[in-house]
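Before any comments, here is the structure.
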Amino acid sequence: MSTPTEVTTPDGAMPAHLWLPESGRGPGILLLQEIFGVSAYIRRRAQDLADLGYVVLAPQIFWRLGVDEIANGPSMLEDAMGVVGRLDWDTAVSDAQAALRALRERAETTGGVGVVGFCFGGGLGYAVVAGEPADALVSFYGSALPGITEAVPSVTTPSLHHFGESDAYIPMDVVQAVRERVSGGGPVDFHTYPGADHAFDNDDFVNHDPQASAAAWATTESWLREHLPVG
């Protein structure tokens, strides 16, 4: 179960949600949302990470637009794209970096801190650690990665990337280009999933692929144990 909290920014308090592990303390994970906001799906993944022993902070990146999450329904993708179209990217990066610093400074956070992001949040996470290095970055089909990997400094944070091989938004030739670009920084692990489309991990979305989702999450758990160990 999450607890409401806030992250201080130069323009006011950004709402956020905090999950604590059973022990009450542990390494920190900044969880960055899809374009659908801090949805029920993102909250479930946050609880999954807390159950692994992490202190999880999920900021409401769309807070300046007055949006927490996009309602499920036939128009959810169109509605979400409309929100993202009004978002200032640089400000979103700055807000997320403020959240990472706030997580690092929390009394409950012991050990290192990492970033886990999905879709919109996967690309945002890469931009975040370019300016605020962390101990680990997990990016699920980072939608902004094709456009930012040449624009941001080389990332030294170890990173794990997941992409579906049938992603309608990020084709495999683009994925390969992203892989080549990000491999110039810190240690990089890349995994692709045959037949999986974009947002394959989201079990509330039409593109959910249970097999790819289970495989990617198992890999994520193992990779985090190595790069951001609990205890």
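Ordering of the structure tokens sets the chain letters (A, B, ...); residue numbers start at 1 within each chain; ligands are numbered from 1 in the order shown.
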
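The residue set within 7 Å of Met14 (chain A), counting only C-alpha atoms and dropping same-chain residues fewer than 6 places from it, reads Glu6, Val7, Thr8, Gln60 and Trp63 of chain A.
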
Report as a tab-separated table: every residue of region 133-226 of chain A with an atom at most 7 Å from region 111-116 of chain A, its closest pair of atoms, and their distance in Å to one decimal, counting only C-alpha atoms, with rows sorted by chain and ascending residue number.
```
residue	atom	partner	partner_atom	distance
A:Ala134	CA	A:Gly114	CA	5.4
A:Asp135	CA	A:Gly114	CA	5.3
A:Ala136	CA	A:Gly114	CA	4.5
A:Leu137	CA	A:Val115	CA	4.7
A:Val138	CA	A:Val116	CA	4.6
A:Ser139	CA	A:Val116	CA	6.0
```

Mind dumping the selected residues with N, CA and C atoms as a PDB file, in the first residue's frame?
```
ATOM      1  N   ALA A 134      22.772   7.199 -11.201  1.00  0.00           N
ATOM      2  CA  ALA A 134      22.233   6.296 -10.196  1.00  0.00           C
ATOM      3  C   ALA A 134      23.013   4.989 -10.247  1.00  0.00           C
ATOM      4  N   ASP A 135      22.590   4.037  -9.441  1.00  0.00           N
ATOM      5  CA  ASP A 135      23.284   2.747  -9.402  1.00  0.00           C
ATOM      6  C   ASP A 135      22.734   1.770 -10.436  1.00  0.00           C
ATOM      7  N   ALA A 136      21.534   2.028 -10.945  1.00  0.00           N
ATOM      8  CA  ALA A 136      20.919   1.115 -11.904  1.00  0.00           C
ATOM      9  C   ALA A 136      19.785   1.821 -12.626  1.00  0.00           C
ATOM     10  N   LEU A 137      19.574   1.449 -13.883  1.00  0.00           N
ATOM     11  CA  LEU A 137      18.449   1.942 -14.673  1.00  0.00           C
ATOM     12  C   LEU A 137      17.830   0.770 -15.418  1.00  0.00           C
ATOM     13  N   VAL A 138      16.519   0.589 -15.250  1.00  0.00           N
ATOM     14  CA  VAL A 138      15.774  -0.407 -16.022  1.00  0.00           C
ATOM     15  C   VAL A 138      14.765   0.343 -16.881  1.00  0.00           C
ATOM     16  N   SER A 139      14.864   0.155 -18.182  1.00  0.00           N
ATOM     17  CA  SER A 139      13.994   0.849 -19.127  1.00  0.00           C
ATOM     18  C   SER A 139      13.188  -0.162 -19.927  1.00  0.00           C
TER      19      SER A 139
END
```

Would you list the contacts of Ser159 (chain A) as a PyMOL selection string, taking every protein, DNA or RNA residue within 12 Å and counting only C-alpha atoms, but skipping same-chain residues closer than 2 positions in sequence?
chain A and resi 114-117+122-123+125-126+129-130+133-140+142+155-157+161-162+179+182-191+220+223-224+226-228

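Distances to Val230 (chain A) were evaluated for A:Thr110, A:Glu34, A:Arg45, A:Leu77 using only C-alpha atoms, and the minimum falls at A:Thr110.
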
Can you pull out every residue from chain A that DSSP, working from the backbone, puts in alpha helix (DSSP H), and format the result as a PyMOL selection string?
chain A and resi 40-51+76-85+89-105+120-131+145-148+172-182+210-227

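Using only C-alpha atoms, the nearest neighbour of Met172 (chain A) within the list A:Pro74, A:Gly121, A:Pro194, A:Pro153 is A:Pro194.
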
All strand (DSSP E) residues (DSSP, backbone) inside chain A, as a ChimeraX atom specification
/A:3-9,12-19,26-32,55-59,109-118,136-140,159-164,188-193

Can I get the selection written as a CSV table (one decimal), in the first residue's frame, with C-alpha atoms?
```csv
chain,number,residue,atom,x,y,z
A,3,THR,CA,1.5,6.6,1.2
A,4,PRO,CA,1.0,10.0,-0.4
A,5,THR,CA,4.1,12.3,-0.2
A,6,GLU,CA,5.6,15.3,-2.0
A,7,VAL,CA,8.8,16.2,-3.8
A,8,THR,CA,10.0,19.8,-3.5
A,9,THR,CA,10.6,21.6,-6.8
A,12,GLY,CA,6.1,23.9,-5.7
A,13,ALA,CA,5.4,20.5,-4.4
A,14,MET,CA,5.1,17.6,-6.8
A,15,PRO,CA,2.7,14.9,-5.6
A,16,ALA,CA,4.2,11.4,-5.4
A,17,HIS,CA,3.4,8.0,-4.0
A,18,LEU,CA,5.7,6.0,-1.6
A,19,TRP,CA,5.9,2.3,-1.1
A,26,GLY,CA,16.1,-0.6,1.7
A,27,PRO,CA,17.6,0.7,-1.5
A,28,GLY,CA,15.6,3.2,-3.4
A,29,ILE,CA,13.9,2.9,-6.7
A,30,LEU,CA,12.4,5.9,-8.6
A,31,LEU,CA,9.5,4.5,-10.6
A,32,LEU,CA,8.7,6.5,-13.7
A,55,VAL,CA,11.8,1.8,-1.1
A,56,VAL,CA,9.8,3.0,-4.2
A,57,LEU,CA,8.9,6.5,-5.1
A,58,ALA,CA,6.5,7.2,-8.0
A,59,PRO,CA,6.2,11.0,-8.7
A,109,THR,CA,16.6,4.7,1.8
A,110,THR,CA,19.7,2.7,2.6
A,111,GLY,CA,22.2,1.6,0.1
A,112,GLY,CA,22.0,2.7,-3.5
A,113,VAL,CA,19.2,4.1,-5.7
A,114,GLY,CA,18.0,3.1,-9.1
A,115,VAL,CA,15.4,4.1,-11.7
A,116,VAL,CA,12.8,1.9,-13.3
A,117,GLY,CA,10.7,3.4,-16.1
A,118,PHE,CA,8.1,2.2,-18.6
A,136,ALA,CA,20.9,1.1,-11.9
A,137,LEU,CA,18.4,1.9,-14.7
A,138,VAL,CA,15.8,-0.4,-16.0
A,139,SER,CA,14.0,0.8,-19.1
A,140,PHE,CA,11.0,-0.9,-20.6
A,159,SER,CA,21.2,-0.1,-17.6
A,160,LEU,CA,18.9,-2.9,-18.6
A,161,HIS,CA,16.6,-2.4,-21.6
A,162,HIS,CA,13.5,-4.4,-22.7
A,163,PHE,CA,11.9,-4.1,-26.2
A,164,GLY,CA,9.3,-6.1,-28.0
A,188,VAL,CA,24.3,-2.3,-20.9
A,189,ASP,CA,22.1,-5.4,-21.0
A,190,PHE,CA,19.6,-5.6,-23.9
A,191,HIS,CA,16.7,-8.1,-24.1
A,192,THR,CA,14.1,-8.3,-26.9
A,193,TYR,CA,10.9,-10.4,-27.0
```

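Note that the spacing between CA of Ala96 (chain A) and CA of Val128 (chain A) amounts to 6.6 Å.
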
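CA of Tyr141 (chain A) is positioned 10.3 Å from CA of Glu165 (chain A).
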
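Picture a line from CA of Val175 (chain A) to CA of Gly195 (chain A); it runs 14.6 Å.
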
Pick from A:Gly37, A:Gly147, A:Gly66, A:Pro21: nearest to Asp51 (chain A), with only C-alpha atoms counted?
A:Pro21
